[in-house]
Amino acid sequence: MINTWNESLLHEELKEYFSGDTGKTEVPIDGSICDAVLDDGSVVEIQTANLSKLKGKLEKILETRKVNLVYPIAVNTTIETFEPTGELRTRRKSPKHGKIYQLFDELTGIWHLVGHKNLTVTVVFTDILELRVADGTGSWRRKGIRISDRKLVKIHETRSFHATADFASLVPPDIPAVFTVMDLSRAGVGSHAGKMAWILAKTRIAERTGKAGRAYTYRLCKES
């Protein structure tokens with residue numbers, strides 16, 4: 001049950017899924033090991049969190065190859081907690097349900113690559129099984145229980161983003177023409193609204209137009 005690899009089961013399972021029957025895995029390119037290379041020469045990179053860790057790798061590979069950056073969002077999570085002996089202690093459903101808007105939190109470190117001609121970001125909506133061990137070595141927030149691995153249970157659907165217009169399509173349609181972070185939050189973006197507004201402005205999908213009180217105001221750019 002306890003994973004001793006550098007990669008999680010979730011990462012491995014997604015790599016197998018997206019490489020298909022003929023893709024090659026763990027391929028060295030430009031000094032980096034890529035998760036998979038398909039028959040057409042394009043690269044698949046799986047990253048379950050912290051997309052910014054791939055910044056340097058992506059910057060190099062995107063100069064010569066198309067890259068599909070795969071990011072899973074857990075729609076539903078089941079948590080199994082085990083004793084150090086391997087005995088199952090508890091099994092429960094997590095109250096947290098991932099949303100597409102959390103993608104913007106992840107893009108802050110690679111915002112300059114959003115809309116790159118060779119980059120596609122594929123979001124995979126999943127159900128996952130999170131395995132935990134109550135051995136006292138985990139974070140204090142979990143009372144010493146550590147996460148040992150995550151496993152893919154189900155893929156609901158995938159959604160791909162390539163051009164900036166694809167990312168612009170995530171802006172809720174019912175917000176005002178000139179909007180604030182609070183408008184985004186109230187329209188369903190929730191706690192991800194601040195990062196979403198930041199990404200929209202940095203990528204010129206939207207522009208700052210001024211302030212309403214202490215809040216910045218934004219407007220979508222026509223070309224988006």
# chains A, B, ... in the order shown; residues from 1 in each chain; ligands from 1
$ select_by_dssp --residues "chain A" --states "strand (DSSP E)" --output "PyMOL selection string"
chain A and resi 24-29+32-37+43-46+67-82+88-93+119-133+146-161+178-179+206-212+215-220
$ write_last_selection --atoms "C-alpha atoms" --output "short mmCIF file (atom, residue, chain, number, x, y, z; two decimals), in the first residue's frame"
data_model
loop_
_atom_site.label_atom_id
_atom_site.label_comp_id
_atom_site.auth_asym_id
_atom_site.auth_seq_id
_atom_site.Cartn_x
_atom_site.Cartn_y
_atom_site.Cartn_z
CA LYS A 24 7.15 5.78 -25.14
CA THR A 25 7.55 6.74 -21.49
CA GLU A 26 10.45 8.25 -19.53
CA VAL A 27 12.12 9.68 -22.63
CA PRO A 28 15.18 11.99 -22.33
CA ILE A 29 14.79 15.24 -24.32
CA SER A 32 15.07 16.41 -19.16
CA ILE A 33 13.14 13.17 -18.72
CA CYS A 34 9.70 13.53 -20.29
CA ASP A 35 6.76 11.49 -19.06
CA ALA A 36 5.77 10.33 -22.54
CA VAL A 37 6.47 10.94 -26.20
CA VAL A 43 5.35 15.29 -25.46
CA VAL A 44 2.95 14.48 -22.64
CA GLU A 45 3.76 15.82 -19.18
CA ILE A 46 1.66 14.80 -16.19
CA VAL A 67 3.45 19.54 -25.31
CA ASN A 68 0.24 18.33 -23.71
CA LEU A 69 0.40 19.31 -20.03
CA VAL A 70 -2.04 17.11 -18.14
CA TYR A 71 -3.45 18.34 -14.82
CA PRO A 72 -5.99 16.26 -12.85
CA ILE A 73 -8.74 17.83 -10.76
CA ALA A 74 -10.37 15.56 -8.19
CA VAL A 75 -14.14 15.92 -8.45
CA ASN A 76 -14.61 13.30 -5.74
CA THR A 77 -12.06 11.94 -3.28
CA THR A 78 -12.33 8.88 -1.07
CA ILE A 79 -9.90 8.82 1.87
CA GLU A 80 -8.68 5.58 3.38
CA THR A 81 -6.58 5.83 6.54
CA PHE A 82 -4.48 2.85 7.63
CA LEU A 88 -7.73 -0.09 7.62
CA ARG A 89 -8.75 2.45 10.27
CA THR A 90 -11.33 4.59 8.46
CA ARG A 91 -12.82 5.11 5.01
CA ARG A 92 -14.73 8.28 4.19
CA LYS A 93 -15.70 10.66 1.41
CA LEU A 119 1.26 24.14 -25.48
CA THR A 120 -2.03 22.45 -24.69
CA VAL A 121 -3.24 22.18 -21.10
CA THR A 122 -5.57 19.24 -20.55
CA VAL A 123 -7.62 19.16 -17.37
CA VAL A 124 -8.75 15.68 -16.33
CA PHE A 125 -11.78 15.54 -14.03
CA THR A 126 -11.29 12.49 -11.84
CA ASP A 127 -12.38 10.49 -8.85
CA ILE A 128 -9.38 9.51 -6.74
CA LEU A 129 -8.55 7.34 -3.77
CA GLU A 130 -6.26 9.01 -1.26
CA LEU A 131 -4.28 6.64 0.95
CA ARG A 132 -3.13 7.83 4.37
CA VAL A 133 -1.08 6.24 7.16
CA ARG A 146 0.47 11.37 6.33
CA ILE A 147 -0.66 10.98 2.75
CA SER A 148 1.14 7.97 1.32
CA ASP A 149 -0.32 7.90 -2.18
CA ARG A 150 -3.16 8.85 -4.51
CA LYS A 151 -4.77 6.45 -6.95
CA LEU A 152 -6.96 7.03 -9.98
CA VAL A 153 -10.46 5.60 -9.62
CA LYS A 154 -12.32 7.13 -12.55
CA ILE A 155 -11.96 9.68 -15.34
CA HIS A 156 -15.18 11.64 -15.85
CA GLU A 157 -14.08 13.82 -18.74
CA THR A 158 -11.19 15.87 -20.10
CA ARG A 159 -11.10 19.47 -21.25
CA SER A 160 -8.26 20.98 -23.27
CA PHE A 161 -7.05 24.58 -23.44
CA VAL A 178 -16.47 45.79 -16.00
CA PHE A 179 -15.93 43.42 -13.10
CA ALA A 206 -8.51 41.07 -19.63
CA GLU A 207 -7.20 44.50 -18.71
CA ARG A 208 -7.38 46.57 -15.57
CA THR A 209 -9.61 49.58 -16.05
CA GLY A 210 -9.27 51.31 -12.70
CA LYS A 211 -10.72 50.87 -9.25
CA ALA A 212 -14.09 50.64 -7.59
CA ALA A 215 -10.95 46.88 -5.62
CA TYR A 216 -9.36 46.74 -9.06
CA THR A 217 -11.76 46.58 -11.98
CA TYR A 218 -11.26 44.53 -15.14
CA ARG A 219 -12.68 44.25 -18.64
CA LEU A 220 -12.21 41.43 -21.13
#
$ select_by_dssp --residues "range 10-140 of chain A" --states "alpha helix (DSSP H)" --output "mmCIF file with C-alpha atoms, in the first residue's frame"
data_model
loop_
_atom_site.group_PDB
_atom_site.id
_atom_site.type_symbol
_atom_site.label_atom_id
_atom_site.label_comp_id
_atom_site.auth_asym_id
_atom_site.auth_seq_id
_atom_site.Cartn_x
_atom_site.Cartn_y
_atom_site.Cartn_z
ATOM 1 C CA LEU A 10 -2.112 8.695 -9.828
ATOM 2 C CA HIS A 11 0.771 10.084 -11.881
ATOM 3 C CA GLU A 12 1.688 6.639 -13.194
ATOM 4 C CA GLU A 13 -1.882 5.758 -14.120
ATOM 5 C CA LEU A 14 -2.436 9.030 -15.967
ATOM 6 C CA LYS A 15 0.871 8.592 -17.782
ATOM 7 C CA GLU A 16 -0.208 5.157 -18.945
ATOM 8 C CA TYR A 17 -3.622 6.471 -20.021
ATOM 9 C CA PHE A 18 -2.285 9.407 -22.054
ATOM 10 C CA SER A 19 0.673 7.574 -23.613
ATOM 11 C CA LYS A 55 8.641 26.043 -15.894
ATOM 12 C CA GLY A 56 12.213 25.494 -17.067
ATOM 13 C CA LYS A 57 11.461 22.133 -18.628
ATOM 14 C CA LEU A 58 8.496 23.478 -20.580
ATOM 15 C CA GLU A 59 10.369 26.563 -21.759
ATOM 16 C CA LYS A 60 13.035 24.343 -23.363
ATOM 17 C CA ILE A 61 10.838 21.651 -24.861
ATOM 18 C CA LEU A 103 -6.416 25.694 -12.694
ATOM 19 C CA PHE A 104 -5.709 29.417 -12.385
ATOM 20 C CA ASP A 105 -3.976 28.895 -9.032
ATOM 21 C CA GLU A 106 -1.640 26.464 -10.783
ATOM 22 C CA LEU A 107 -0.911 28.706 -13.774
#
$ residues_around --residues "Lys195 in chain A" --least-positions-apart "5" --cutoff "12 Å" --atoms "only C-alpha atoms" --output "list of chain:residue names"
A:Tyr101, A:Gln102, A:Leu103, A:Phe104, A:Asp105, A:Glu106, A:Leu107, A:Thr108, A:Gly109, A:Trp111, A:Val181, A:Met182, A:Leu184, A:Ser185, A:Val189, A:Gly190, A:Leu200, A:Ala201, A:Lys202
$ write_last_selection --atoms "C-alpha atoms" --output "mmCIF file, in the first residue's frame"
data_model
loop_
_atom_site.group_PDB
_atom_site.id
_atom_site.type_symbol
_atom_site.label_atom_id
_atom_site.label_comp_id
_atom_site.auth_asym_id
_atom_site.auth_seq_id
_atom_site.Cartn_x
_atom_site.Cartn_y
_atom_site.Cartn_z
ATOM 1 C CA TYR A 101 -11.158 27.372 -11.575
ATOM 2 C CA GLN A 102 -8.357 25.929 -9.440
ATOM 3 C CA LEU A 103 -6.416 25.694 -12.694
ATOM 4 C CA PHE A 104 -5.709 29.417 -12.385
ATOM 5 C CA ASP A 105 -3.976 28.895 -9.032
ATOM 6 C CA GLU A 106 -1.640 26.464 -10.783
ATOM 7 C CA LEU A 107 -0.911 28.706 -13.774
ATOM 8 C CA THR A 108 0.631 31.572 -11.797
ATOM 9 C CA GLY A 109 4.176 30.201 -12.205
ATOM 10 C CA TRP A 111 1.470 32.356 -16.943
ATOM 11 C CA VAL A 181 -12.534 39.901 -8.148
ATOM 12 C CA MET A 182 -15.639 39.847 -5.957
ATOM 13 C CA LEU A 184 -15.872 36.608 -10.229
ATOM 14 C CA SER A 185 -16.104 35.020 -6.803
ATOM 15 C CA VAL A 189 -15.195 31.127 -9.137
ATOM 16 C CA GLY A 190 -15.068 31.339 -5.348
ATOM 17 C CA LEU A 200 -6.428 37.152 -17.066
ATOM 18 C CA ALA A 201 -4.596 40.472 -16.715
ATOM 19 C CA LYS A 202 -1.075 39.043 -17.171
#
$ atom_distance --atom1 "CA of Gly41 in chain A" --atom2 "CA of Thr22 in chain A"
11.6 Å
$ residues_around --residues "Thr203 in chain A" --least-positions-apart "3" --cutoff "9 Å" --atoms "only C-alpha atoms" --output "PyMOL selection string"
chain A and resi 111-115+164+198-200+206
$ atom_distance --atom1 "CA of Lys99 in chain A" --atom2 "CA of Thr180 in chain A"
20.0 Å
$ decode --residues "range 144-164 of chain A" --atoms "N, CA, C and O atoms" --output "tab-separated table (two decimals), in the first residue's frame"
chain	number	residue	atom	x	y	z
A	144	GLY	N	-0.66	14.12	12.57
A	144	GLY	CA	0.38	13.12	12.34
A	144	GLY	C	0.07	12.10	11.27
A	144	GLY	O	0.89	11.23	10.98
A	145	ILE	N	-1.08	12.19	10.68
A	145	ILE	CA	-1.45	11.26	9.59
A	145	ILE	C	-0.87	11.78	8.28
A	145	ILE	O	-1.07	12.94	7.92
A	146	ARG	N	-0.15	10.94	7.59
A	146	ARG	CA	0.47	11.37	6.33
A	146	ARG	C	-0.22	10.76	5.13
A	146	ARG	O	-0.81	9.67	5.21
A	147	ILE	N	-0.16	11.49	4.02
A	147	ILE	CA	-0.66	10.98	2.75
A	147	ILE	C	0.43	10.13	2.13
A	147	ILE	O	1.54	10.60	1.90
A	148	SER	N	0.13	8.86	1.88
A	148	SER	CA	1.14	7.97	1.32
A	148	SER	C	1.03	7.85	-0.20
A	148	SER	O	2.03	7.60	-0.88
A	149	ASP	N	-0.16	8.03	-0.73
A	149	ASP	CA	-0.32	7.90	-2.18
A	149	ASP	C	-1.70	8.37	-2.60
A	149	ASP	O	-2.60	8.55	-1.76
A	150	ARG	N	-1.86	8.57	-3.91
A	150	ARG	CA	-3.16	8.85	-4.51
A	150	ARG	C	-3.32	7.95	-5.71
A	150	ARG	O	-2.38	7.77	-6.49
A	151	LYS	N	-4.52	7.42	-5.88
A	151	LYS	CA	-4.77	6.45	-6.95
A	151	LYS	C	-5.97	6.87	-7.77
A	151	LYS	O	-6.97	7.35	-7.23
A	152	LEU	N	-5.86	6.70	-9.07
A	152	LEU	CA	-6.96	7.03	-9.98
A	152	LEU	C	-8.07	6.00	-9.85
A	152	LEU	O	-7.82	4.79	-9.91
A	153	VAL	N	-9.29	6.47	-9.68
A	153	VAL	CA	-10.46	5.60	-9.62
A	153	VAL	C	-11.27	5.70	-10.90
A	153	VAL	O	-11.68	4.68	-11.47
A	154	LYS	N	-11.47	6.93	-11.38
A	154	LYS	CA	-12.32	7.13	-12.55
A	154	LYS	C	-11.98	8.43	-13.23
A	154	LYS	O	-11.63	9.42	-12.57
A	155	ILE	N	-12.04	8.45	-14.56
A	155	ILE	CA	-11.96	9.68	-15.34
A	155	ILE	C	-13.36	10.03	-15.82
A	155	ILE	O	-13.99	9.23	-16.53
A	156	HIS	N	-13.85	11.20	-15.42
A	156	HIS	CA	-15.18	11.64	-15.85
A	156	HIS	C	-15.12	12.22	-17.26
A	156	HIS	O	-15.91	11.85	-18.13
A	157	GLU	N	-14.21	13.16	-17.45
A	157	GLU	CA	-14.08	13.82	-18.74
A	157	GLU	C	-12.76	14.58	-18.77
A	157	GLU	O	-12.10	14.75	-17.74
A	158	THR	N	-12.37	15.02	-19.95
A	158	THR	CA	-11.19	15.87	-20.10
A	158	THR	C	-11.60	17.15	-20.83
A	158	THR	O	-12.57	17.16	-21.60
A	159	ARG	N	-10.85	18.21	-20.57
A	159	ARG	CA	-11.10	19.47	-21.25
A	159	ARG	C	-9.77	20.11	-21.57
A	159	ARG	O	-8.91	20.27	-20.68
A	160	SER	N	-9.55	20.46	-22.84
A	160	SER	CA	-8.26	20.98	-23.27
A	160	SER	C	-8.32	22.47	-23.57
A	160	SER	O	-9.32	22.99	-24.07
A	161	PHE	N	-7.20	23.14	-23.26
A	161	PHE	CA	-7.05	24.58	-23.44
A	161	PHE	C	-5.77	24.83	-24.22
A	161	PHE	O	-4.70	24.34	-23.85
A	162	HIS	N	-5.90	25.58	-25.31
A	162	HIS	CA	-4.74	25.86	-26.15
A	162	HIS	C	-4.55	27.38	-26.33
A	162	HIS	O	-3.61	27.96	-25.79
A	163	ALA	N	-5.44	28.00	-27.06
A	163	ALA	CA	-5.35	29.44	-27.28
A	163	ALA	C	-5.87	30.19	-26.06
A	163	ALA	O	-6.58	29.64	-25.21
A	164	THR	N	-5.53	31.48	-25.97
A	164	THR	CA	-6.01	32.29	-24.84
A	164	THR	C	-7.53	32.35	-24.81
A	164	THR	O	-8.13	32.46	-23.73
